[in-house]
Each structure stands twice: as structure tokens, then as C-alpha cells.
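Containing compact mmCIF, C-alpha atoms (C1' of nucleotides): final.txt.
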# COMPACT_ATOMS: atom_id res chain seq x y z
CA MET W 29 25.51 8.52 -61.81
CA ARG W 30 22.12 7.58 -63.23
CA GLY W 31 23.39 4.12 -64.14
CA ILE W 32 24.43 3.47 -60.56
CA LEU W 33 21.10 4.69 -59.21
CA GLY W 34 19.26 2.38 -61.60
CA GLY W 35 20.78 -0.71 -59.99
CA ASP W 36 19.99 -2.24 -56.63
CA THR W 37 19.36 0.33 -53.93
CA GLU W 38 22.00 -0.77 -51.43
CA THR W 39 24.73 -0.43 -54.06
CA ALA W 40 23.29 2.94 -55.03
CA ALA W 41 23.41 3.99 -51.37
CA ARG W 42 27.11 3.21 -51.14
CA HIS W 43 27.77 5.47 -54.14
CA VAL W 44 25.49 8.28 -53.01
CA LEU W 45 27.35 8.50 -49.70
CA GLY W 46 30.27 10.86 -50.31
CA ALA W 47 28.57 12.44 -53.33
CA PHE W 48 27.41 16.05 -53.25
CA LEU W 49 23.95 17.54 -53.07
CA VAL W 50 23.99 20.89 -54.92
CA ARG W 51 21.45 23.72 -55.06
CA GLY W 52 21.77 26.60 -57.49
CA THR W 53 24.82 28.00 -59.27
CA GLY W 54 27.35 30.80 -58.92
CA PRO W 55 27.74 32.79 -55.71
CA GLU W 56 24.34 31.60 -54.44
CA ALA W 57 25.26 27.91 -54.81
CA ARG W 58 24.90 25.55 -51.88
CA ALA W 59 26.69 22.18 -51.76
CA ALA W 60 27.05 19.46 -49.15
CA ARG W 61 28.52 15.99 -48.84
CA ILE W 62 25.93 13.27 -48.28
CA VAL W 63 26.77 11.26 -45.15
CA GLU W 64 23.55 9.43 -44.21
CA VAL W 65 20.77 7.79 -46.26
CA GLU W 66 18.00 5.23 -45.82
CA ALA W 67 16.80 2.72 -48.42
CA TYR W 68 13.11 2.05 -49.09
CA VAL W 69 12.76 -0.79 -51.56
CA GLY W 70 9.72 -2.28 -53.27
CA GLU W 71 5.98 -2.41 -52.57
CA ASP W 72 6.51 -5.22 -50.09
CA ASP W 73 8.72 -3.04 -47.90
CA LEU W 74 6.08 -2.27 -45.26
CA ALA W 75 8.02 0.76 -44.05
CA SER W 76 7.92 2.40 -47.49
CA HIS W 77 5.44 4.89 -48.88
CA ALA W 78 5.15 2.43 -51.77
CA ARG W 79 3.49 -0.16 -49.49
CA PHE W 80 -0.01 0.91 -50.63
CA GLY W 81 0.93 0.65 -54.29
CA ARG W 82 1.10 3.57 -56.64
CA THR W 83 -0.62 6.75 -55.38
CA TRP W 84 -0.48 10.39 -56.36
CA ARG W 85 2.02 11.10 -53.63
CA ASN W 86 4.54 8.33 -54.32
CA ALA W 87 4.17 8.18 -58.11
CA VAL W 88 7.74 9.27 -58.85
CA MET W 89 9.05 6.32 -56.84
CA PHE W 90 7.64 4.14 -59.62
CA GLY W 91 9.40 6.19 -62.29
CA PRO W 92 12.96 6.27 -63.64
CA PRO W 93 16.00 6.50 -61.31
CA GLY W 94 17.81 9.74 -60.52
CA VAL W 95 14.63 11.73 -59.91
CA ALA W 96 13.73 13.60 -56.70
CA TYR W 97 10.87 12.27 -54.56
CA VAL W 98 9.85 15.00 -52.09
CA TYR W 99 7.16 14.60 -49.45
CA LEU W 100 5.89 16.60 -46.50
CA VAL W 101 6.20 14.81 -43.17
CA TYR W 102 4.36 15.70 -39.94
CA GLY W 103 2.88 18.68 -41.73
CA MET W 104 6.11 20.67 -41.49
CA TYR W 105 9.25 19.14 -42.98
CA HIS W 106 10.03 18.42 -46.62
CA CYS W 107 12.12 15.27 -47.04
CA LEU W 108 14.27 14.58 -50.11
CA ASN W 109 14.67 11.14 -51.69
CA VAL W 110 16.60 9.96 -54.73
CA VAL W 111 14.64 7.43 -56.78
CA THR W 112 16.55 4.19 -57.46
CA GLU W 113 16.11 0.94 -59.44
CA PRO W 114 14.49 0.68 -62.87
CA ALA W 115 11.11 2.28 -63.64
CA GLU W 116 8.11 0.35 -62.27
CA GLN W 117 10.16 -0.86 -59.30
CA PRO W 118 9.37 1.62 -56.50
CA ALA W 119 12.51 2.40 -54.50
CA ALA W 120 14.33 5.44 -53.16
CA LEU W 121 17.05 6.71 -50.87
CA LEU W 122 16.01 9.20 -48.18
CA ILE W 123 18.76 11.79 -47.73
CA ARG W 124 18.99 11.97 -43.93
CA ALA W 125 22.09 14.11 -43.35
CA VAL W 126 24.74 16.12 -45.22
CA GLU W 127 27.96 18.00 -44.40
CA PRO W 128 27.85 21.59 -45.68
CA VAL W 129 30.87 22.46 -47.86
CA LEU W 130 29.74 25.50 -49.87
CA GLY W 131 27.17 28.24 -49.35
CA VAL W 132 27.00 27.79 -45.59
CA ASP W 133 25.60 31.29 -45.16
CA SER W 134 22.78 30.56 -47.60
CA MET W 135 21.95 27.35 -45.77
CA ARG W 136 21.88 29.12 -42.44
CA ALA W 137 19.65 31.85 -43.88
CA ALA W 138 17.29 29.22 -45.28
CA ARG W 139 17.19 27.40 -41.94
CA ILE W 140 16.43 30.64 -40.09
CA ASP W 141 13.72 31.55 -42.57
CA ARG W 142 11.85 28.30 -42.00
CA ALA W 143 12.48 28.16 -38.26
CA VAL W 144 11.07 31.66 -37.87
CA ARG W 145 8.05 30.78 -39.98
CA ARG W 146 7.29 27.84 -37.71
CA VAL W 147 7.45 29.69 -34.42
CA ARG W 148 6.14 33.10 -35.45
CA ARG W 149 2.68 32.35 -34.01
CA ARG W 150 4.26 31.86 -30.60
CA GLY W 151 5.44 35.45 -30.48
CA GLU W 152 8.47 37.65 -30.89
CA GLU W 153 10.34 35.99 -28.04
CA ALA W 154 10.15 32.58 -29.70
CA VAL W 155 11.23 34.11 -33.01
CA GLU W 156 14.29 35.64 -31.39
CA ARG W 157 15.14 32.35 -29.71
CA ALA W 158 14.96 30.52 -33.04
CA ARG W 159 17.06 33.15 -34.79
CA ARG W 160 19.72 32.89 -32.15
CA ALA W 161 19.72 29.09 -32.03
CA VAL W 162 20.21 28.64 -35.78
CA GLY W 163 22.42 31.72 -36.10
CA THR W 164 24.99 30.39 -33.63
CA MET W 165 24.81 26.76 -34.70
CA PRO W 166 28.04 25.14 -35.99
CA ALA W 167 27.99 24.76 -39.79
CA GLU W 168 28.24 20.97 -39.62
CA ARG W 169 24.94 20.85 -37.73
CA LEU W 170 22.92 22.86 -40.26
CA ALA W 171 21.63 19.79 -42.10
CA CYS W 172 22.05 16.90 -39.64
CA GLY W 173 18.60 15.36 -40.13
CA PRO W 174 16.17 14.71 -42.99
CA GLY W 175 13.91 17.65 -42.15
CA LEU W 176 16.91 19.92 -41.70
CA VAL W 177 18.33 18.96 -45.12
CA GLY W 178 15.01 20.10 -46.57
CA ASP W 179 15.22 23.39 -44.68
CA ALA W 180 18.90 24.12 -45.48
CA PHE W 181 18.37 23.44 -49.20
CA SER W 182 14.96 25.17 -49.41
CA ILE W 183 13.36 21.97 -50.65
CA ASP W 184 9.60 21.92 -51.19
CA ALA W 185 6.90 20.28 -53.29
CA ALA W 186 8.11 22.16 -56.38
CA ASP W 187 11.23 19.95 -56.35
CA ASP W 188 9.20 16.72 -56.54
CA GLY W 189 9.96 14.99 -59.84
CA LEU W 190 13.08 17.04 -60.57
CA ASP W 191 15.88 15.23 -62.41
CA LEU W 192 18.79 15.21 -59.97
CA CYS W 193 21.20 13.91 -62.62
CA ASP W 194 20.66 16.84 -64.98
CA GLU W 195 23.38 19.42 -64.37
CA ALA W 196 20.91 22.10 -65.46
CA SER W 197 18.58 21.27 -62.56
CA SER W 198 18.38 23.71 -59.67
CA LEU W 199 18.81 20.75 -57.32
CA ARG W 200 21.19 17.99 -58.36
CA LEU W 201 23.69 15.28 -57.39
CA GLU W 202 27.36 15.41 -58.26
CA LEU W 203 29.88 12.62 -57.84
CA ALA W 204 32.86 13.31 -55.62
CA ALA W 205 35.82 14.00 -57.89
CA GLY W 206 38.91 11.99 -57.06
CA ALA W 207 37.96 10.88 -53.59
CA GLY W 208 37.48 7.17 -53.13
CA PRO W 209 34.34 5.75 -51.53
CA PRO W 210 34.07 6.59 -47.81
CA PRO W 211 33.71 3.88 -45.17
CA VAL W 212 30.07 2.92 -44.67
CA GLN W 213 28.25 1.62 -41.61
CA ALA W 214 24.70 0.22 -41.58
CA GLY W 215 21.91 0.17 -39.01
CA PRO W 216 18.11 -0.11 -38.75
CA ARG W 217 15.96 2.68 -40.19
CA ILE W 218 14.61 5.38 -37.91
CA GLY W 219 11.02 6.42 -37.22
CA ILE W 220 9.32 3.36 -38.71
CA ASP W 221 7.97 1.69 -35.57
CA TYR W 222 4.68 1.25 -37.38
CA ALA W 223 6.29 -1.34 -39.68
CA PRO W 224 6.19 -5.05 -38.73
CA GLU W 225 9.22 -7.29 -38.69
CA PRO W 226 11.36 -8.05 -40.56
CA TRP W 227 11.12 -4.58 -42.12
CA ARG W 228 11.47 -2.74 -38.84
CA SER W 229 14.93 -4.23 -38.25
CA ARG W 230 16.33 -4.29 -41.77
CA PRO W 231 19.78 -2.58 -41.66
CA TRP W 232 18.89 -0.19 -44.45
CA ARG W 233 20.24 3.01 -42.92
CA PHE W 234 23.72 3.72 -44.28
CA PHE W 235 26.06 6.37 -42.96
CA VAL W 236 29.69 7.54 -42.91
CA PRO W 237 30.89 6.81 -39.38
CA GLY W 238 32.56 9.70 -37.60
CA SER W 239 30.98 12.46 -39.66
CA PRO W 240 30.12 15.46 -37.46
CA SER W 241 26.90 15.92 -39.44
CA LEU W 242 25.13 12.63 -38.73
CA SER W 243 21.55 12.69 -37.46
CA ALA W 244 20.97 12.09 -33.76
CA GLY W 245 20.01 8.50 -34.49
CA SER W 246 23.33 7.69 -36.15
CA ARG W 247 25.52 9.62 -33.75
CA ARG W 248 27.21 7.09 -31.58
CA VAL W 249 27.95 7.79 -27.97
CA PRO W 250 31.59 6.63 -27.71
CA ARG W 251 31.67 3.52 -25.59
CA GLN W 252 33.18 3.99 -22.19
CA GLU W 253 36.20 1.78 -21.53
CA ALA W 254 35.83 -0.46 -18.51
CA PRO W 255 38.13 0.73 -15.68
C1' DG E 4 -16.93 12.84 -45.77
C1' DC E 5 -14.19 12.42 -41.40
C1' DA E 6 -10.70 10.58 -38.34
C1' DA E 7 -6.08 9.10 -37.65
C1' DA E 8 -1.38 8.85 -38.18
C1' DG E 9 3.02 10.06 -39.99
C1' DA E 10 10.50 8.17 -43.23
C1' DT E 11 10.66 15.02 -37.55
C1' DT E 12 12.39 18.50 -34.55
C1' DT E 13 12.23 21.32 -30.61
C1' DG E 14 11.39 22.78 -26.05
C1' DC E 15 9.65 22.15 -21.57
C1' DT E 16 8.71 19.18 -17.35
C1' DG X 20 11.45 11.79 -21.17
C1' DC X 21 7.32 13.53 -23.39
C1' DA X 22 4.20 16.44 -25.97
C1' DA X 23 3.30 20.02 -29.29
C1' DA X 24 3.30 21.98 -33.87
C1' DT X 25 0.89 21.26 -38.47
C1' DC X 26 -1.22 19.42 -42.84
C1' DT X 27 -1.36 15.87 -46.33
C1' DT X 28 -2.48 11.24 -47.32
C1' DT X 29 -4.86 7.13 -46.36
C1' DG X 30 -8.53 4.29 -44.65
C1' DC X 31 -12.82 3.46 -42.83
C1' DC X 32 -17.92 4.54 -42.10

Take the structure from the file and write it as C-alpha cells.
Amino acid sequence: MRGILGGDTETAARHVLGAFLVRGTGPEARAARIVEVEAYVGEDDLASHARFGRTWRNAVMFGPPGVAYVYLVYGMYHCLNVVTEPAEQPAALLIRAVEPVLGVDSMRAARIDRAVRRVRRRGEEAVERARRAVGTMPAERLACGPGLVGDAFSIDAADDGLDLCDEASSLRLELAAGAGPPPVQAGPRIGIDYAPEPWRSRPWRFFVPGSPSLSAGSRRVPRQEAP
DNA sequence: GCAAAGATTTGCT
DNA sequence: GCAAATCTTTGCC
């Protein structure tokens, strides 16, 4: 796995799709199939956190492949990236969506925990609303966005720099056994309107078409046939 | 030092 | 369709 991640990021993306993100071991383990990622490649990618060069926040992007790069976005969501390409070349794959396959109850509990934390200032009514919303949500929607992956897998700053290729890590990647590579579709990255062209339009979002767990941006409204 | 904006999600108008 | 929530990082004075 590490060897694949150390190559070019688009190739790495096509191998990460279909692989599993795993948290913990035993009865508490959570696992999910990765179905949507985005590539951020090089200091000259003006959509990437690496665009200002090496800083304290993005330092692990400049390190060896297979390591977790975790950052806090909008002051409330922790996003998980897998570092790619050789050391000194800053690149990573943002994990945007996964399909839960194991430990669904733990993921739901983790989602509820963070949802409640966020709305608790707004009162008991808001807390109950959040509990109910996440509690009745279909399993395939528990991690259908980058912030929601962070919530469902209890990801935070403590995971930054973790080796995702070490099977002893609390958070890790595992190749899909047996299954061949899934079909992959590409599109422009989401939420980077601040970036100039050509970066804004680069088709560096990769996803498994048809997955029920895609983020809103990758979910395709089925085209209506002309009458 | 301070001001501004952000690789998001949710809920209300 | 739009704004709020929330806090770290970056950039400018």
C-alpha cells in the first residue's frame, strides 16, 4: 500500500478508492469502504494547503507517504488526508466519503456525540433534534462528506501524523481483499472557489459512481429522459 | 497584534 | 437559496 501511495497521486487515488478505512480493533472496530477522494498535488497547486510552502499545519504533507494529514476546517470539522508522493513533494488525498461496513453503531454514536456538542448551546430542543436526525439516518449516509468522515471515525488533531499503513495504528488503511478495482469517475474539486484557473477546474475529485455514500457534490441527479 | 477567510454542514427563510 | 456556527492559520499593518 505504501508503495502505491508514494507514486503519483492520481494513481494512488485509483487504488485508495475501494480500500478500507479502519479505526480500532475487536468489537469496537469501525471500517468503511472509501468511495470519494480529492487530490491536492504540489506547492504550485493553488487550491492546496501546500500553496504557501511548508508551515506548521501542513508539515506532514511534505513528509513520507502513507501518513495521515488532519486539519480543522471552518472551526468545526476535522478532515482526513492520506499523504502521497515521495517525501519533500507535498501531496495528499482528502477522504471525502466512505461506505460504512463494520461498526455502524459506533459510527452513529460518534456522529451523535459531535452533533450534540455542536448544538448544545442552542438548547435542549436543538440537542433532541440532532439526536433524532443522526439516530434515524440510514447507515450509508453516516460518512457521506469529509467533515462527516471525521465525525464518524472520531478523527481529531491527535491523528495528525499517524502512519496509516501500520496495522498497529488506531487509524489505518487496508486494501480490499480479492475485489478488483471499482469503476472511477472524475470531476472538479469542491469548495475551492478561492483558487484561480486552471486549478479550480482540474478534475481531481475521484469517486465510485453509484455509491449511496457519495457527498452531495458527487451525487448525480439522474438525467431525465426527453419525452 | 489584529482581521479575514476557510478542502463544511445544517437549518431556516 | 442563504447565513450561521466556530477557531485555527495566514497575511497585512

Residues of chain W within 8 Å of chain E, counting all atoms listed in the file, as a PyMOL selection string: chain W and resi 75-76+101-102+105+122+174-175+218-220

Gap from atom CA of W:Arg247 to atom CA of W:Arg146 - Å, one decimal: 26.1 Å

Give as an mmCIF file with C-alpha atoms, in the frame of the given file every residue of chain W that touches chain X within 12 Å, counting all atoms listed in the file.
data_model
loop_
_atom_site.group_PDB
_atom_site.id
_atom_site.type_symbol
_atom_site.label_atom_id
_atom_site.label_comp_id
_atom_site.auth_asym_id
_atom_site.auth_seq_id
_atom_site.Cartn_x
_atom_site.Cartn_y
_atom_site.Cartn_z
ATOM 1 C CA HIS W 77 5.440 4.890 -48.880
ATOM 2 C CA ARG W 79 3.490 -0.160 -49.490
ATOM 3 C CA PHE W 80 -0.010 0.910 -50.630
ATOM 4 C CA GLY W 81 0.930 0.650 -54.290
ATOM 5 C CA THR W 83 -0.620 6.750 -55.380
ATOM 6 C CA TRP W 84 -0.480 10.390 -56.360
ATOM 7 C CA ARG W 85 2.020 11.100 -53.630
ATOM 8 C CA ASN W 86 4.540 8.330 -54.320
ATOM 9 C CA TYR W 99 7.160 14.600 -49.450
ATOM 10 C CA LEU W 100 5.890 16.600 -46.500
ATOM 11 C CA VAL W 101 6.200 14.810 -43.170
ATOM 12 C CA TYR W 102 4.360 15.700 -39.940
ATOM 13 C CA GLY W 103 2.880 18.680 -41.730
ATOM 14 C CA MET W 104 6.110 20.670 -41.490
ATOM 15 C CA TYR W 105 9.250 19.140 -42.980
ATOM 16 C CA HIS W 106 10.030 18.420 -46.620
ATOM 17 C CA ALA W 143 12.480 28.160 -38.260
ATOM 18 C CA ARG W 145 8.050 30.780 -39.980
ATOM 19 C CA ARG W 146 7.290 27.840 -37.710
ATOM 20 C CA VAL W 147 7.450 29.690 -34.420
ATOM 21 C CA ARG W 148 6.140 33.100 -35.450
ATOM 22 C CA ARG W 149 2.680 32.350 -34.010
ATOM 23 C CA ARG W 150 4.260 31.860 -30.600
ATOM 24 C CA ALA W 185 6.900 20.280 -53.290
#

Atom pair atom CA of W:Gly70 / atom CA of W:Leu49: separation (Å):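 The value is 24.4 Å.
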
Atom CA of W:Phe234 to atom CA of W:Leu45, distance in Å rounded to a single decimal: 8.1 Å

Spatial neighbours of W:Pro93, max dist 6 Å, only C-alpha atoms (C1' of nucleotides), sep filter under 5 positions, as a list in words: Leu33, Gly34, Val111, Thr112 and Glu113 of chain W

Near-W:Asp187 list (10 Å; all atoms listed in the file; drop same-chain fewer than 2 positions) as a ChimeraX atom specification: /W:95-99,106,108,182-185,189-192,197-199

Selection near W:Tyr68, 7 Å with only C-alpha atoms (C1' of nucleotides), sequence-local residues under 4 positions removed, as a PyMOL selection string: chain W and resi 73+76+119-121

Selected residue of minimal separation from W:Glu225 among W:Leu74, W:Ala167, W:Val50, W:Ala59, counting only C-alpha atoms: W:Leu74

Neighbour list for W:Asp141 as a VMD selection string, cut-off 10 Å, all atoms listed in the file, skip fewer than 3 positions in-chain: chain W and resid 135 to 138 144 to 146 158 to 159 162 179 to 180 182
